[in-house]
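Data file: query.pdb. Format and content: PDB, C-alpha atoms and all ligand atoms.
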```pdb
ATOM      1  CA  MET R 362     -43.302   7.934  -1.828  1.00  0.00           C
ATOM      2  CA  PHE R 363     -39.538   7.676  -2.383  1.00  0.00           C
ATOM      3  CA  ASP R 364     -38.237   9.256  -5.561  1.00  0.00           C
ATOM      4  CA  LEU R 365     -34.554   8.706  -6.375  1.00  0.00           C
ATOM      5  CA  ALA R 366     -34.713  11.730  -8.680  1.00  0.00           C
ATOM      6  CA  GLU R 367     -34.681  13.852  -5.504  1.00  0.00           C
ATOM      7  CA  PHE R 368     -31.018  12.844  -5.071  1.00  0.00           C
ATOM      8  CA  PRO R 369     -28.957  15.067  -7.413  1.00  0.00           C
ATOM      9  CA  ILE R 370     -26.499  12.209  -8.010  1.00  0.00           C
ATOM     10  CA  SER R 371     -29.151  10.389 -10.030  1.00  0.00           C
ATOM     11  CA  ARG R 372     -29.054  13.161 -12.650  1.00  0.00           C
ATOM     12  CA  ARG R 373     -25.476  12.328 -13.555  1.00  0.00           C
ATOM     13  CA  TRP R 374     -25.658   8.581 -12.819  1.00  0.00           C
ATOM     14  CA  PRO R 375     -29.283   7.664 -13.596  1.00  0.00           C
ATOM     15  CA  ALA R 376     -30.740   4.491 -12.093  1.00  0.00           C
ATOM     16  CA  ALA R 377     -32.170   1.788 -14.326  1.00  0.00           C
ATOM     17  CA  ASN R 378     -33.933   0.348 -11.284  1.00  0.00           C
ATOM     18  CA  PRO R 379     -34.405   3.020  -8.583  1.00  0.00           C
ATOM     19  CA  ASP R 380     -36.064   0.549  -6.207  1.00  0.00           C
ATOM     20  CA  ILE R 381     -32.844  -1.332  -5.485  1.00  0.00           C
ATOM     21  CA  LEU R 382     -29.690  -0.267  -3.679  1.00  0.00           C
ATOM     22  CA  GLN R 383     -27.516   2.120  -5.689  1.00  0.00           C
ATOM     23  CA  LEU R 384     -23.716   1.797  -5.428  1.00  0.00           C
ATOM     24  CA  TYR R 385     -21.409   4.600  -6.631  1.00  0.00           C
ATOM     25  CA  SER R 386     -17.910   3.225  -6.749  1.00  0.00           C
ATOM     26  CA  PHE R 387     -14.721   2.251  -8.557  1.00  0.00           C
ATOM     27  CA  PRO R 388     -12.836  -1.078  -8.224  1.00  0.00           C
ATOM     28  CA  THR R 389     -10.130   0.127  -5.796  1.00  0.00           C
ATOM     29  CA  PRO R 390      -9.493  -1.582  -2.413  1.00  0.00           C
ATOM     30  CA  ASN R 391     -11.998   0.759  -0.738  1.00  0.00           C
ATOM     31  CA  GLY R 392     -14.532   0.474  -3.536  1.00  0.00           C
ATOM     32  CA  VAL R 393     -14.571  -3.309  -3.828  1.00  0.00           C
ATOM     33  CA  LYS R 394     -15.251  -3.758  -0.121  1.00  0.00           C
ATOM     34  CA  VAL R 395     -18.869  -2.814  -0.777  1.00  0.00           C
ATOM     35  CA  SER R 396     -19.334  -4.749  -4.030  1.00  0.00           C
ATOM     36  CA  ILE R 397     -17.813  -7.856  -2.408  1.00  0.00           C
ATOM     37  CA  LEU R 398     -20.166  -7.608   0.577  1.00  0.00           C
ATOM     38  CA  LEU R 399     -23.176  -7.071  -1.694  1.00  0.00           C
ATOM     39  CA  GLU R 400     -22.157 -10.117  -3.742  1.00  0.00           C
ATOM     40  CA  GLU R 401     -21.699 -12.168  -0.551  1.00  0.00           C
ATOM     41  CA  LEU R 402     -25.161 -11.098   0.631  1.00  0.00           C
ATOM     42  CA  GLY R 403     -26.785 -11.721  -2.750  1.00  0.00           C
ATOM     43  CA  LEU R 404     -28.662  -8.425  -2.447  1.00  0.00           C
ATOM     44  CA  PRO R 405     -29.977  -6.779  -5.620  1.00  0.00           C
ATOM     45  CA  TYR R 406     -28.085  -3.577  -6.415  1.00  0.00           C
ATOM     46  CA  GLU R 407     -27.115  -1.339  -9.287  1.00  0.00           C
ATOM     47  CA  ALA R 408     -23.464  -0.297  -9.620  1.00  0.00           C
ATOM     48  CA  HIS R 409     -22.447   3.046 -11.137  1.00  0.00           C
ATOM     49  CA  THR R 410     -18.864   3.752 -12.210  1.00  0.00           C
ATOM     50  CA  VAL R 411     -17.542   6.912 -10.552  1.00  0.00           C
ATOM     51  CA  THR R 412     -13.920   7.337 -11.610  1.00  0.00           C
ATOM     52  CA  LEU R 413     -11.330   8.951  -9.325  1.00  0.00           C
ATOM     53  CA  SER R 414     -10.980  11.924 -11.676  1.00  0.00           C
ATOM     54  CA  ASP R 415     -12.031  15.324 -10.334  1.00  0.00           C
ATOM     55  CA  ALA R 416     -14.643  15.439 -13.087  1.00  0.00           C
ATOM     56  CA  ASP R 417     -16.442  12.595 -11.306  1.00  0.00           C
ATOM     57  CA  VAL R 418     -15.622  12.622  -7.571  1.00  0.00           C
ATOM     58  CA  LYS R 419     -15.610  16.420  -7.368  1.00  0.00           C
ATOM     59  CA  SER R 420     -18.703  16.922  -9.500  1.00  0.00           C
ATOM     60  CA  PRO R 421     -21.567  18.694  -7.690  1.00  0.00           C
ATOM     61  CA  GLU R 422     -23.697  15.581  -8.185  1.00  0.00           C
ATOM     62  CA  PHE R 423     -21.214  13.281  -6.426  1.00  0.00           C
ATOM     63  CA  LEU R 424     -20.448  15.851  -3.713  1.00  0.00           C
ATOM     64  CA  SER R 425     -24.159  15.966  -2.952  1.00  0.00           C
ATOM     65  CA  LEU R 426     -23.787  12.357  -1.742  1.00  0.00           C
ATOM     66  CA  ASN R 427     -20.268  12.532  -0.294  1.00  0.00           C
ATOM     67  CA  PRO R 428     -18.914  16.004   0.517  1.00  0.00           C
ATOM     68  CA  ASN R 429     -15.542  14.282   1.099  1.00  0.00           C
ATOM     69  CA  ASN R 430     -15.284  13.461  -2.654  1.00  0.00           C
ATOM     70  CA  LYS R 431     -14.342   9.797  -2.277  1.00  0.00           C
ATOM     71  CA  ILE R 432     -15.857   6.540  -3.425  1.00  0.00           C
ATOM     72  CA  PRO R 433     -17.632   4.369  -2.320  1.00  0.00           C
ATOM     73  CA  ALA R 434     -21.081   5.735  -1.504  1.00  0.00           C
ATOM     74  CA  ILE R 435     -24.546   4.191  -1.566  1.00  0.00           C
ATOM     75  CA  ILE R 436     -28.214   5.042  -1.515  1.00  0.00           C
ATOM     76  CA  ASP R 437     -30.426   2.387   0.037  1.00  0.00           C
ATOM     77  CA  PRO R 438     -34.011   3.157  -1.006  1.00  0.00           C
ATOM     78  CA  ASP R 439     -35.164   0.763   1.722  1.00  0.00           C
ATOM     79  CA  GLY R 440     -33.337   2.264   4.698  1.00  0.00           C
ATOM     80  CA  PRO R 441     -34.370   2.382   8.366  1.00  0.00           C
ATOM     81  CA  ASP R 442     -38.119   3.011   8.874  1.00  0.00           C
ATOM     82  CA  GLY R 443     -38.602   2.501   5.140  1.00  0.00           C
ATOM     83  CA  GLN R 444     -36.861   5.806   4.398  1.00  0.00           C
ATOM     84  CA  PRO R 445     -34.031   6.101   1.847  1.00  0.00           C
ATOM     85  CA  LEU R 446     -30.558   6.281   3.364  1.00  0.00           C
ATOM     86  CA  ALA R 447     -27.495   7.801   1.683  1.00  0.00           C
ATOM     87  CA  LEU R 448     -24.104   6.779   3.132  1.00  0.00           C
ATOM     88  CA  PHE R 449     -20.397   7.261   2.464  1.00  0.00           C
ATOM     89  CA  GLU R 450     -17.239   5.869   4.170  1.00  0.00           C
ATOM     90  CA  SER R 451     -16.696   2.206   3.339  1.00  0.00           C
ATOM     91  CA  GLY R 452     -16.530   1.110   6.992  1.00  0.00           C
ATOM     92  CA  ALA R 453     -19.876   2.740   7.761  1.00  0.00           C
ATOM     93  CA  ILE R 454     -21.429   1.144   4.673  1.00  0.00           C
ATOM     94  CA  LEU R 455     -20.101  -2.315   5.591  1.00  0.00           C
ATOM     95  CA  LEU R 456     -21.431  -2.018   9.143  1.00  0.00           C
ATOM     96  CA  TYR R 457     -24.805  -0.746   7.968  1.00  0.00           C
ATOM     97  CA  LEU R 458     -25.307  -3.581   5.460  1.00  0.00           C
ATOM     98  CA  ALA R 459     -24.001  -6.231   7.863  1.00  0.00           C
ATOM     99  CA  GLU R 460     -26.341  -5.024  10.634  1.00  0.00           C
ATOM    100  CA  LYS R 461     -29.246  -4.764   8.225  1.00  0.00           C
ATOM    101  CA  SER R 462     -28.784  -8.316   6.939  1.00  0.00           C
ATOM    102  CA  GLY R 463     -27.574  -9.790  10.247  1.00  0.00           C
ATOM    103  CA  ARG R 464     -24.642 -11.410   8.442  1.00  0.00           C
ATOM    104  CA  PHE R 465     -20.833 -11.168   8.499  1.00  0.00           C
ATOM    105  CA  ILE R 466     -20.892  -9.184  11.764  1.00  0.00           C
ATOM    106  CA  GLY R 467     -20.608 -11.988  14.361  1.00  0.00           C
ATOM    107  CA  GLU R 468     -23.288 -13.637  16.502  1.00  0.00           C
ATOM    108  CA  THR R 469     -22.718 -12.552  20.097  1.00  0.00           C
ATOM    109  CA  ALA R 470     -22.068  -9.046  21.405  1.00  0.00           C
ATOM    110  CA  ALA R 471     -18.438 -10.040  22.010  1.00  0.00           C
ATOM    111  CA  ASP R 472     -18.084 -11.389  18.437  1.00  0.00           C
ATOM    112  CA  LYS R 473     -19.516  -8.158  17.058  1.00  0.00           C
ATOM    113  CA  ALA R 474     -17.185  -6.022  19.150  1.00  0.00           C
ATOM    114  CA  ARG R 475     -14.208  -7.989  17.799  1.00  0.00           C
ATOM    115  CA  VAL R 476     -15.410  -7.625  14.198  1.00  0.00           C
ATOM    116  CA  VAL R 477     -15.755  -3.860  14.714  1.00  0.00           C
ATOM    117  CA  GLN R 478     -12.308  -3.758  16.359  1.00  0.00           C
ATOM    118  CA  TRP R 479     -10.614  -5.311  13.297  1.00  0.00           C
ATOM    119  CA  LEU R 480     -12.725  -3.234  10.932  1.00  0.00           C
ATOM    120  CA  MET R 481     -11.486  -0.097  12.733  1.00  0.00           C
ATOM    121  CA  PHE R 482      -7.933  -1.444  12.553  1.00  0.00           C
ATOM    122  CA  GLN R 483      -8.371  -1.527   8.783  1.00  0.00           C
ATOM    123  CA  MET R 484     -10.003   1.897   8.536  1.00  0.00           C
ATOM    124  CA  GLY R 485      -7.509   3.656  10.795  1.00  0.00           C
ATOM    125  CA  GLY R 486      -4.379   1.623  10.075  1.00  0.00           C
ATOM    126  CA  VAL R 487      -4.182  -0.726   7.102  1.00  0.00           C
ATOM    127  CA  GLY R 488      -5.952   1.561   4.605  1.00  0.00           C
ATOM    128  CA  PRO R 489      -4.229   4.883   5.414  1.00  0.00           C
ATOM    129  CA  MET R 490      -0.767   3.344   5.867  1.00  0.00           C
ATOM    130  CA  PHE R 491      -0.866   1.116   2.779  1.00  0.00           C
ATOM    131  CA  GLY R 492      -2.363   4.020   0.807  1.00  0.00           C
ATOM    132  CA  GLN R 493       0.557   6.277   1.762  1.00  0.00           C
ATOM    133  CA  LEU R 494       2.971   3.458   0.966  1.00  0.00           C
ATOM    134  CA  GLY R 495       1.449   3.283  -2.519  1.00  0.00           C
ATOM    135  CA  PHE R 496       1.904   7.029  -2.973  1.00  0.00           C
ATOM    136  CA  PHE R 497       5.525   7.148  -1.801  1.00  0.00           C
ATOM    137  CA  TYR R 498       6.616   3.826  -3.304  1.00  0.00           C
ATOM    138  CA  LYS R 499       4.795   3.617  -6.639  1.00  0.00           C
ATOM    139  CA  PHE R 500       3.025   6.847  -7.511  1.00  0.00           C
ATOM    140  CA  ALA R 501       4.059  10.540  -7.577  1.00  0.00           C
ATOM    141  CA  GLY R 502       5.778  10.426  -4.164  1.00  0.00           C
ATOM    142  CA  ALA R 503       8.298   7.872  -5.461  1.00  0.00           C
ATOM    143  CA  GLU R 504      10.104  10.775  -7.177  1.00  0.00           C
ATOM    144  CA  ILE R 505      10.822  12.500  -3.860  1.00  0.00           C
ATOM    145  CA  ALA R 506      14.530  12.186  -3.100  1.00  0.00           C
ATOM    146  CA  ASP R 507      14.164  12.295   0.700  1.00  0.00           C
ATOM    147  CA  PRO R 508      13.832   8.601   1.682  1.00  0.00           C
ATOM    148  CA  ARG R 509      12.128   9.253   5.019  1.00  0.00           C
ATOM    149  CA  PRO R 510       8.440   9.185   3.932  1.00  0.00           C
ATOM    150  CA  ARG R 511       9.016   6.010   1.876  1.00  0.00           C
ATOM    151  CA  ASP R 512      10.948   4.319   4.673  1.00  0.00           C
ATOM    152  CA  ARG R 513       8.363   5.310   7.232  1.00  0.00           C
ATOM    153  CA  TYR R 514       5.467   3.756   5.319  1.00  0.00           C
ATOM    154  CA  ILE R 515       7.444   0.663   4.390  1.00  0.00           C
ATOM    155  CA  ALA R 516       8.239   0.122   8.074  1.00  0.00           C
ATOM    156  CA  GLU R 517       4.666   0.784   9.116  1.00  0.00           C
ATOM    157  CA  ALA R 518       3.231  -1.555   6.460  1.00  0.00           C
ATOM    158  CA  ARG R 519       5.661  -4.289   7.565  1.00  0.00           C
ATOM    159  CA  ARG R 520       4.633  -3.775  11.175  1.00  0.00           C
ATOM    160  CA  ILE R 521       0.935  -4.078  10.227  1.00  0.00           C
ATOM    161  CA  LEU R 522       1.638  -7.256   8.221  1.00  0.00           C
ATOM    162  CA  ALA R 523       3.308  -8.724  11.312  1.00  0.00           C
ATOM    163  CA  VAL R 524       0.250  -7.883  13.439  1.00  0.00           C
ATOM    164  CA  LEU R 525      -2.043  -9.576  10.923  1.00  0.00           C
ATOM    165  CA  ASP R 526       0.261 -12.560  10.558  1.00  0.00           C
ATOM    166  CA  GLY R 527       0.264 -13.093  14.324  1.00  0.00           C
ATOM    167  CA  GLN R 528      -3.528 -12.887  14.553  1.00  0.00           C
ATOM    168  CA  LEU R 529      -3.957 -15.295  11.624  1.00  0.00           C
ATOM    169  CA  ALA R 530      -1.615 -17.882  13.121  1.00  0.00           C
ATOM    170  CA  THR R 531      -4.528 -19.459  15.005  1.00  0.00           C
ATOM    171  CA  ARG R 532      -7.554 -18.699  12.821  1.00  0.00           C
ATOM    172  CA  ASP R 533      -8.651 -18.627   9.194  1.00  0.00           C
ATOM    173  CA  TRP R 534     -10.404 -15.261   9.423  1.00  0.00           C
ATOM    174  CA  ILE R 535      -9.275 -12.195  11.294  1.00  0.00           C
ATOM    175  CA  ALA R 536     -12.064 -11.996  13.903  1.00  0.00           C
ATOM    176  CA  GLY R 537     -13.149 -15.658  14.049  1.00  0.00           C
ATOM    177  CA  ASP R 538     -15.812 -16.308  11.403  1.00  0.00           C
ATOM    178  CA  TYR R 539     -15.602 -14.650   7.988  1.00  0.00           C
ATOM    179  CA  SER R 540     -16.832 -11.071   8.458  1.00  0.00           C
ATOM    180  CA  VAL R 541     -16.852  -7.521   7.156  1.00  0.00           C
ATOM    181  CA  ALA R 542     -13.444  -7.095   8.826  1.00  0.00           C
ATOM    182  CA  ASP R 543     -11.982  -9.575   6.299  1.00  0.00           C
ATOM    183  CA  ILE R 544     -13.852  -7.880   3.463  1.00  0.00           C
ATOM    184  CA  ALA R 545     -12.205  -4.602   4.522  1.00  0.00           C
ATOM    185  CA  ILE R 546      -8.670  -5.912   5.116  1.00  0.00           C
ATOM    186  CA  ALA R 547      -7.999  -8.438   2.349  1.00  0.00           C
ATOM    187  CA  PRO R 548      -8.492  -6.113  -0.668  1.00  0.00           C
ATOM    188  CA  TRP R 549      -5.732  -3.903   0.779  1.00  0.00           C
ATOM    189  CA  LEU R 550      -3.389  -6.890   1.063  1.00  0.00           C
ATOM    190  CA  ARG R 551      -4.097  -7.652  -2.581  1.00  0.00           C
ATOM    191  CA  GLY R 552      -3.253  -4.025  -3.392  1.00  0.00           C
ATOM    192  CA  LEU R 553       0.352  -4.477  -2.234  1.00  0.00           C
ATOM    193  CA  ASP R 554       1.013  -6.502  -5.377  1.00  0.00           C
ATOM    194  CA  TYR R 555      -0.377  -3.671  -7.506  1.00  0.00           C
ATOM    195  CA  TYR R 556       2.023  -1.286  -5.728  1.00  0.00           C
ATOM    196  CA  GLY R 557       4.913  -3.634  -6.586  1.00  0.00           C
ATOM    197  CA  ALA R 558       5.702  -3.563  -2.856  1.00  0.00           C
ATOM    198  CA  ARG R 559       5.654  -7.256  -1.965  1.00  0.00           C
ATOM    199  CA  GLU R 560       9.387  -7.731  -2.210  1.00  0.00           C
ATOM    200  CA  VAL R 561      10.353  -4.625  -0.261  1.00  0.00           C
ATOM    201  CA  LEU R 562       7.931  -5.638   2.497  1.00  0.00           C
ATOM    202  CA  GLY R 563       9.184  -9.234   2.660  1.00  0.00           C
ATOM    203  CA  TRP R 564       5.714 -10.582   1.788  1.00  0.00           C
ATOM    204  CA  ASP R 565       6.785 -14.239   1.832  1.00  0.00           C
ATOM    205  CA  GLY R 566       7.884 -13.801   5.446  1.00  0.00           C
ATOM    206  CA  PHE R 567       4.201 -13.507   6.425  1.00  0.00           C
ATOM    207  CA  PRO R 568       2.915 -17.009   5.513  1.00  0.00           C
ATOM    208  CA  ASN R 569      -0.350 -16.696   7.432  1.00  0.00           C
ATOM    209  CA  VAL R 570      -1.195 -13.480   5.577  1.00  0.00           C
ATOM    210  CA  VAL R 571      -0.288 -15.076   2.236  1.00  0.00           C
ATOM    211  CA  ALA R 572      -2.578 -18.071   2.932  1.00  0.00           C
ATOM    212  CA  TYR R 573      -5.345 -15.734   4.182  1.00  0.00           C
ATOM    213  CA  LEU R 574      -5.321 -13.688   0.978  1.00  0.00           C
ATOM    214  CA  ASP R 575      -5.438 -16.883  -1.110  1.00  0.00           C
ATOM    215  CA  ARG R 576      -8.407 -18.100   0.970  1.00  0.00           C
ATOM    216  CA  PHE R 577     -10.193 -14.784   0.452  1.00  0.00           C
ATOM    217  CA  LEU R 578      -9.528 -14.650  -3.292  1.00  0.00           C
ATOM    218  CA  ALA R 579     -10.864 -18.199  -3.717  1.00  0.00           C
ATOM    219  CA  ARG R 580     -14.391 -17.092  -2.730  1.00  0.00           C
ATOM    220  CA  PRO R 581     -16.659 -16.747  -5.795  1.00  0.00           C
ATOM    221  CA  ALA R 582     -18.390 -13.640  -4.387  1.00  0.00           C
ATOM    222  CA  VAL R 583     -14.994 -11.997  -3.900  1.00  0.00           C
ATOM    223  CA  GLN R 584     -14.004 -12.760  -7.484  1.00  0.00           C
ATOM    224  CA  ARG R 585     -17.211 -11.161  -8.742  1.00  0.00           C
ATOM    225  CA  GLY R 586     -17.017  -8.164  -6.397  1.00  0.00           C
ATOM    226  CA  LEU R 587     -13.449  -7.343  -7.412  1.00  0.00           C
ATOM    227  CA  THR R 588     -14.637  -6.479 -10.924  1.00  0.00           C
ATOM    228  CA  ILE R 589     -17.577  -4.237  -9.880  1.00  0.00           C
ATOM    229  CA  PRO R 590     -18.229  -1.656 -11.088  1.00  0.00           C
ATOM    230  CA  ALA R 591     -16.581  -1.935 -14.483  1.00  0.00           C
ATOM    231  CA  ARG R 592     -13.691   0.533 -14.826  1.00  0.00           C
ATOM    232  CA  ALA R 593     -15.378   2.452 -17.629  1.00  0.00           C
TER     233      ALA R 593
HETATM  234  N1  LIG H 601     -12.057   6.487   4.242  1.00  0.00           N
HETATM  235  C1  LIG H 601     -12.650   6.415   2.931  1.00  0.00           C
HETATM  236  C2  LIG H 601     -11.545   6.440   1.890  1.00  0.00           C
HETATM  237  C3  LIG H 601     -12.106   6.334   0.494  1.00  0.00           C
HETATM  238  C4  LIG H 601     -11.026   6.634  -0.538  1.00  0.00           C
HETATM  239  O1  LIG H 601      -9.879   6.931  -0.200  1.00  0.00           O
HETATM  240  N2  LIG H 601     -11.419   6.562  -1.808  1.00  0.00           N
HETATM  241  C5  LIG H 601     -10.489   6.888  -2.892  1.00  0.00           C
HETATM  242  C6  LIG H 601     -10.325   5.688  -3.816  1.00  0.00           C
HETATM  243  S1  LIG H 601      -9.721   4.280  -2.940  1.00  0.00           S
HETATM  244  C7  LIG H 601     -11.048   8.049  -3.701  1.00  0.00           C
HETATM  245  O2  LIG H 601     -12.225   8.114  -3.950  1.00  0.00           O
HETATM  246  N3  LIG H 601     -10.191   8.984  -4.112  1.00  0.00           N
HETATM  247  C8  LIG H 601     -10.576  10.115  -4.927  1.00  0.00           C
HETATM  248  C9  LIG H 601     -10.063  11.432  -4.383  1.00  0.00           C
HETATM  249  O3  LIG H 601      -9.526  11.441  -3.256  1.00  0.00           O
HETATM  250  O4  LIG H 601     -10.209  12.435  -5.073  1.00  0.00           O
HETATM  251  C10 LIG H 601     -13.466   5.121   2.813  1.00  0.00           C
HETATM  252  O5  LIG H 601     -13.027   4.119   3.364  1.00  0.00           O
HETATM  253  O6  LIG H 601     -14.537   5.145   2.189  1.00  0.00           O
END
```
If you took the structure in this file and wrote it as structure tokens, what would it be?
Amino acid sequence: MFDLAEFPISRRWPAANPDILQLYSFPTPNGVKVSILLEELGLPYEAHTVTLSDADVKSPEFLSLNPNNKIPAIIDPDGPDGQPLALFESGAILLYLAEKSGRFIGETAADKARVVQWLMFQMGGVGPMFGQLGFFYKFAGAEIADPRPRDRYIAEARRILAVLDGQLATRDWIAGDYSVADIAIAPWLRGLDYYGAREVLGWDGFPNVVAYLDRFLARPAVQRGLTIPARA
């Protein structure tokens, strides 16, 4: 019989309903990927606020779930073969939930491969590059006098926006139908506004990306997911 109390994380973030999926997250671009997908799927889940402070993400309880000290992470009490499954890395969580539900992952093998391709493009490109742009343009790195890191990530983010804009010229969603690839990519596009980086990137010069983000933000499940979990 599954007992969530066996997971040390539940000591610090106790579950009100241990029988449903537990989400440990914060509403950043990586965090909201999972809450948006869960809202799209209409699955029951309980969201716990894990802030980005060391006191939370580097606590022994959180490290017991993700030794890499980063949100998001989940425990699915109803994992494969009826066993509980703990997972971290947003891309892995999106794929797991999409496969489990059979939704937002494409129909044919070719569709699925393309969804995974664009999801990997987000995980290996959009997220790391935009994240570094945020650091060197808005946060602590903005104080560094040497312009090279800032210029590098501005150029790389612009290049990525051009790739996305080209792909979106002939479709509404990045891999065909709406999928986990969109749920991974679009929150990072939204984040550029938070970084105050739209102007420096020439945001308005990417009209297909602009329309895509508007389309994404118009979805009710996205609007709900963006606010989960509450910041404090
Ligand atoms: N590749 C990871 C990245 C997750 C990530 O960078 N999470 C950030 C917030 S967006 C975090 O938890 N930072 C806390 C820290 O690094 O201490 C994923 O996609 O899940």
Specify as a ChimeraX atom specification each residue included when the PyMOL selection byres (((not hetatm)) within 9 of (chain H and resi 601)) is applied to this file. /R:386-392,394,411-415,417-419,429-434,449-454,484-485,488-489,492,545
Within 12 Å of (1.3, -9.5, 10.3) (file coordinates; only C-alpha atoms), which protein or nucleic acid residues are there? I'd like them as a PyMOL selection string. chain R and resi 487+517-530+535+546+550+562-573
Could you please determine the separation between CA of Ala366 in chain R and CA of Asn427 in chain R in Å, to one decimal place?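 Separation of CA of Ala366 in chain R and CA of Asn427 in chain R: 16.7 Å.
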From the set R:Ala377, R:Val541, R:Leu424, R:Ile436, which residue has the shortest atom-to-atom contact distance to Gln478 in chain R, counting all atoms listed in the file? R:Val541
CA of Ala582 in chain R and CA of Gly443 in chain R are how many Å apart?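 Between CA of Ala582 in chain R and CA of Gly443 in chain R the gap works out to 27.6 Å.
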Of R:Leu384, R:Ala542, R:Ala579, R:Leu480, the one nearest to Thr410 in chain R when counting all atoms listed in the file is R:Leu384
Could you check which of R:Trp549, R:Trp534, R:Phe577, R:Phe497 is closest to Glu401 in chain R, using all atoms listed in the file? R:Phe577
What's the 10 Å shell around Pro510 in chain R, counting only C-alpha atoms, without same-chain residues fewer than 6 positions away, as a list in words?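 Residues meeting the cut-off are Gln493, Leu494, Phe496, Phe497, Tyr498, Gly502, Ala503 and Ala516 of chain R.
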For the residues selected in the previous step, produce a file with C-alpha atoms as an mmCIF file, in the coordinates of the input.
```
data_model
loop_
_atom_site.group_PDB
_atom_site.id
_atom_site.type_symbol
_atom_site.label_atom_id
_atom_site.label_comp_id
_atom_site.auth_asym_id
_atom_site.auth_seq_id
_atom_site.Cartn_x
_atom_site.Cartn_y
_atom_site.Cartn_z
ATOM 1 C CA GLN R 493 0.557 6.277 1.762
ATOM 2 C CA LEU R 494 2.971 3.458 0.966
ATOM 3 C CA PHE R 496 1.904 7.029 -2.973
ATOM 4 C CA PHE R 497 5.525 7.148 -1.801
ATOM 5 C CA TYR R 498 6.616 3.826 -3.304
ATOM 6 C CA GLY R 502 5.778 10.426 -4.164
ATOM 7 C CA ALA R 503 8.298 7.872 -5.461
ATOM 8 C CA ALA R 516 8.239 0.122 8.074
#
```
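The gap separating CA of Gln584 in chain R from CA of Pro379 in chain R is 25.8 Å, in Å to one decimal.
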Nearest-residue call for Pro375 in chain R, choices R:Ala474, R:Val561, R:Ile515, R:Ala408, using only C-alpha atoms: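 Going through R:Ala474, R:Val561, R:Ile515, R:Ala408 one by one, the smallest distance to Pro375 in chain R is for R:Ala408.
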Let me make sure I understand: among R:Phe368, R:Phe491, R:Phe500, R:Trp479, which one has the smallest atom-to-atom distance to Pro445 in chain R if we use only C-alpha atoms?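 Between R:Phe368, R:Phe491, R:Phe500, R:Trp479, the residue approaching Pro445 in chain R most closely is R:Phe368.
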Among R:Ala471, R:Ile397, R:Ile381, R:Leu458, Asp543 in chain R is approached most closely, using all atoms listed in the file, by R:Ile397
Listed atoms of range 550-556 of chain R, axis-aligned box, 6 Å per side: centre and edge lengths to one decimal in Å, as lines of an AutoDock Vina configuration file?
```
center_x = -1.0
center_y = -4.5
center_z = -3.2
size_x = 18.1
size_y = 18.4
size_z = 20.6
```
